[in-house]
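One structure is given here, and the rest of the page talks about it.
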Amino acid sequence: MNCAPIIIPTLNRYSHLKNLIDSLLLNNLAEKTELFVGLDYPPEEKYVEGYHKIRDFLKNLKGFKSVNVIERSANMGAIENIKDLIRIVLEKFDAFIFSEDDNVFSPCFLEYINKGLEKYKDDKNVLSIAGYAYPVAMPESEHTVIKMQRYYSDWGFGMWKDRYIELRDTINQSYFDNLFKNPKLTKKLREKSKKNYVYAFGLCTPSKANIRPMDYTSSIYQIINDRYSIMPKISLVKNNGWDNSGIHCKDSDAKDFAIKNLFINQKISEAKTFDLYSVSDAESDIVNKRCDKSLIGAFDKAYYKKVRVKEILFRYGILDIFRTLLRKK
């Protein structure tokens with residue numbers, strides 16, 4: 001089996017990174033997998049201690065086919081560190097596995113991702129092989145994976161070079177500007193997202209900067225273009241960033257604390273191997289609906305109304321008029 005390289009950006013969260021690495025080393029394919037770690041340079045004194053712990057830890061790290069540490073000479077920030085890591089890896093490989101430094105994985109994670117990358121590499125409707133499964137009841141059957149359309153996940157995933165380039169070159173401010181001006185597309189997004197992904201609308205309004213591929217925007221892309229992510233029915237990933245150390249996992253990011261608790265306390269598979277049984281479209285539809293019902297409590301209806309107003313203003317060019325007036329001033 002061909003093994004895709006693993007990409008991990010990090011800075012100073014030593015204990016999180018060590019837990020991640022320890023979980024990967026329990027995978028049978030670790031010794032056949034190349035590891036690429038982007039160690040960013042600390043921007044402030046408070047990051048220095050953790051930075052040096054990680055630096056020393058990586059110097060003696062064994063158990064992978066190779067350990068490639070890219071040490072930054074100046075702080076790049078999380079986003080630029082990630083972009084450059086992927087660029088470096090895709091100069092040599094046609095696929096990659098990505099994880100932020102606060103995930104932990106099941107012993108079968110690498111087998112699942114690599115099998116998925118092989119099985120679906122020619123199916124252009126599949127954007128990624130996600131290791132995470134949302135905390136909802138899954139239908140009981142022999143199928144081990146489902147197709148998710150409305151809920152893309154960045155928490156440990158595999159992706160092919162062509163689909164990464166597709167997302168990278170498509171998901172930008174202009175893409176969402178045009179989406180908001182197209183009534184048919186915005187209607188499709190509202191209907192398919194069942195109002196649960198309205199926070200993604202908010203992210204992609206013209207006032208927001210740095211639009212790029214991420215869970216929110218890639219979910220919208222999947223809905224609009226009828227694309228999918230493959231997900232296991234039992235999660236193979238747990239995100240430890242919900243201890244408030246994650247950039248996007250702060251208390252303020254979870255309006256409903258019960259939703260946050262689902263993530264914090266989620267159990268993951270302890271299986272050492274993974275048999276990739278076929279996708280069931282019927283089961284996939286059930287799970288998408290269960291996610292809608294279970295997670296919608298995190299996003300209030302008032303916010304949805306605000307986003308709809310922004311969408312209408314933008315579609316009919318009213319925000320463009322304000323932009324022009326501001327530029328003249």
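In the structure tokens, chains take letters A, B, ... by order of appearance, with residues numbered from 1 within each chain and ligands from 1 in the order shown.
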Strand (DSSP E or B) per DSSP on the backbone: members of region 49-254 of chain A, as a PyMOL selection string: chain A and resi 66-71+95-98+103-105+126-130+145-148+157-160+228-232+237-239
Between CA of Leu90 (chain A) and CA of Gln173 (chain A) - distance in Å to one decimal: 24.3 Å
Distance query Asp102 (chain A) at most 7 Å, only C-alpha atoms, self and fewer than 5 positions along chain excluded, as a PyMOL selection string: chain A and resi 16-17+20+239-241
Alpha helix (DSSP H) residues, from DSSP on the backbone, in region 159-195 of chain A, as a ChimeraX atom specification: /A:161-170,173-180,183-193
Deliver the residues from the most recent selection as a file, using N, CA, C and O atoms, as a compact mmCIF listing (two decimals), in the first residue's frame.
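Final output, saved to result27.txt:
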```txt
# COMPACT_ATOMS: atom_id res chain seq x y z
N LYS A 161 -3.66 15.79 -4.71
CA LYS A 161 -3.08 17.05 -5.20
C LYS A 161 -4.05 17.81 -6.09
O LYS A 161 -4.21 19.02 -5.93
N ASP A 162 -4.71 17.12 -7.02
CA ASP A 162 -5.59 17.82 -7.95
C ASP A 162 -6.77 18.46 -7.25
O ASP A 162 -7.18 19.58 -7.58
N ARG A 163 -7.31 17.78 -6.20
CA ARG A 163 -8.45 18.36 -5.52
C ARG A 163 -8.04 19.50 -4.57
O ARG A 163 -8.77 20.46 -4.37
N TYR A 164 -6.84 19.40 -4.04
CA TYR A 164 -6.34 20.51 -3.22
C TYR A 164 -6.17 21.75 -4.09
O TYR A 164 -6.58 22.86 -3.70
N ILE A 165 -5.56 21.59 -5.26
CA ILE A 165 -5.36 22.73 -6.16
C ILE A 165 -6.70 23.31 -6.59
O ILE A 165 -6.87 24.53 -6.69
N GLU A 166 -7.66 22.43 -6.85
CA GLU A 166 -9.01 22.87 -7.21
C GLU A 166 -9.60 23.78 -6.14
O GLU A 166 -10.11 24.86 -6.42
N LEU A 167 -9.53 23.33 -4.88
CA LEU A 167 -10.06 24.14 -3.78
C LEU A 167 -9.25 25.41 -3.59
O LEU A 167 -9.81 26.50 -3.42
N ARG A 168 -7.94 25.28 -3.60
CA ARG A 168 -7.06 26.43 -3.38
C ARG A 168 -7.31 27.54 -4.40
O ARG A 168 -7.32 28.73 -4.06
N ASP A 169 -7.51 27.14 -5.67
CA ASP A 169 -7.64 28.12 -6.74
C ASP A 169 -9.08 28.60 -6.95
O ASP A 169 -9.31 29.52 -7.72
N THR A 170 -10.03 27.97 -6.27
CA THR A 170 -11.44 28.33 -6.45
C THR A 170 -11.99 29.10 -5.27
O THR A 170 -12.71 30.09 -5.42
N GLN A 173 -12.33 35.19 -2.26
CA GLN A 173 -13.36 36.22 -2.09
C GLN A 173 -14.25 36.33 -3.32
O GLN A 173 -15.48 36.45 -3.23
N SER A 174 -13.64 36.28 -4.50
CA SER A 174 -14.39 36.43 -5.74
C SER A 174 -15.43 35.32 -5.90
O SER A 174 -16.55 35.56 -6.36
N TYR A 175 -15.05 34.11 -5.51
CA TYR A 175 -15.97 32.97 -5.63
C TYR A 175 -17.23 33.22 -4.82
O TYR A 175 -18.35 33.00 -5.30
N PHE A 176 -17.08 33.71 -3.59
CA PHE A 176 -18.23 33.93 -2.75
C PHE A 176 -18.98 35.21 -3.12
O PHE A 176 -20.19 35.31 -2.94
N ASP A 177 -18.26 36.19 -3.66
CA ASP A 177 -18.95 37.37 -4.18
C ASP A 177 -19.94 36.96 -5.27
O ASP A 177 -21.10 37.38 -5.28
N ASN A 178 -19.48 36.10 -6.18
CA ASN A 178 -20.34 35.65 -7.28
C ASN A 178 -21.46 34.75 -6.78
O ASN A 178 -22.57 34.78 -7.30
N LEU A 179 -21.17 33.95 -5.74
CA LEU A 179 -22.20 33.08 -5.18
C LEU A 179 -23.36 33.91 -4.64
O LEU A 179 -24.53 33.63 -4.90
N PHE A 180 -23.05 34.98 -3.91
CA PHE A 180 -24.09 35.80 -3.31
C PHE A 180 -24.92 36.53 -4.36
O PHE A 180 -26.07 36.90 -4.11
N PRO A 183 -28.98 34.09 -7.29
CA PRO A 183 -30.11 33.64 -6.46
C PRO A 183 -30.30 32.13 -6.45
O PRO A 183 -30.68 31.55 -5.42
N LYS A 184 -30.06 31.47 -7.59
CA LYS A 184 -30.25 30.02 -7.65
C LYS A 184 -29.26 29.29 -6.74
O LYS A 184 -29.62 28.34 -6.06
N LEU A 185 -28.02 29.76 -6.72
CA LEU A 185 -27.01 29.10 -5.90
C LEU A 185 -27.25 29.36 -4.42
O LEU A 185 -27.10 28.45 -3.59
N THR A 186 -27.61 30.58 -4.06
CA THR A 186 -27.85 30.85 -2.64
C THR A 186 -29.09 30.11 -2.15
O THR A 186 -29.13 29.65 -1.01
N LYS A 187 -30.09 29.97 -3.02
CA LYS A 187 -31.27 29.19 -2.65
C LYS A 187 -30.89 27.72 -2.44
O LYS A 187 -31.33 27.09 -1.47
N LYS A 188 -30.07 27.19 -3.33
CA LYS A 188 -29.62 25.80 -3.19
C LYS A 188 -28.86 25.60 -1.89
O LYS A 188 -29.05 24.61 -1.17
N LEU A 189 -28.02 26.56 -1.56
CA LEU A 189 -27.23 26.46 -0.33
C LEU A 189 -28.12 26.51 0.90
O LEU A 189 -27.94 25.73 1.84
N ARG A 190 -29.10 27.42 0.90
CA ARG A 190 -30.01 27.50 2.04
C ARG A 190 -30.83 26.23 2.20
O ARG A 190 -31.00 25.71 3.29
N GLU A 191 -31.34 25.71 1.08
CA GLU A 191 -32.21 24.53 1.15
C GLU A 191 -31.44 23.29 1.58
O GLU A 191 -31.90 22.51 2.40
N LYS A 192 -30.24 23.12 1.03
CA LYS A 192 -29.47 21.92 1.36
C LYS A 192 -28.82 21.98 2.72
O LYS A 192 -28.59 20.97 3.37
N SER A 193 -28.53 23.20 3.19
CA SER A 193 -27.87 23.30 4.49
C SER A 193 -28.88 23.30 5.63
O SER A 193 -28.49 23.21 6.79
```
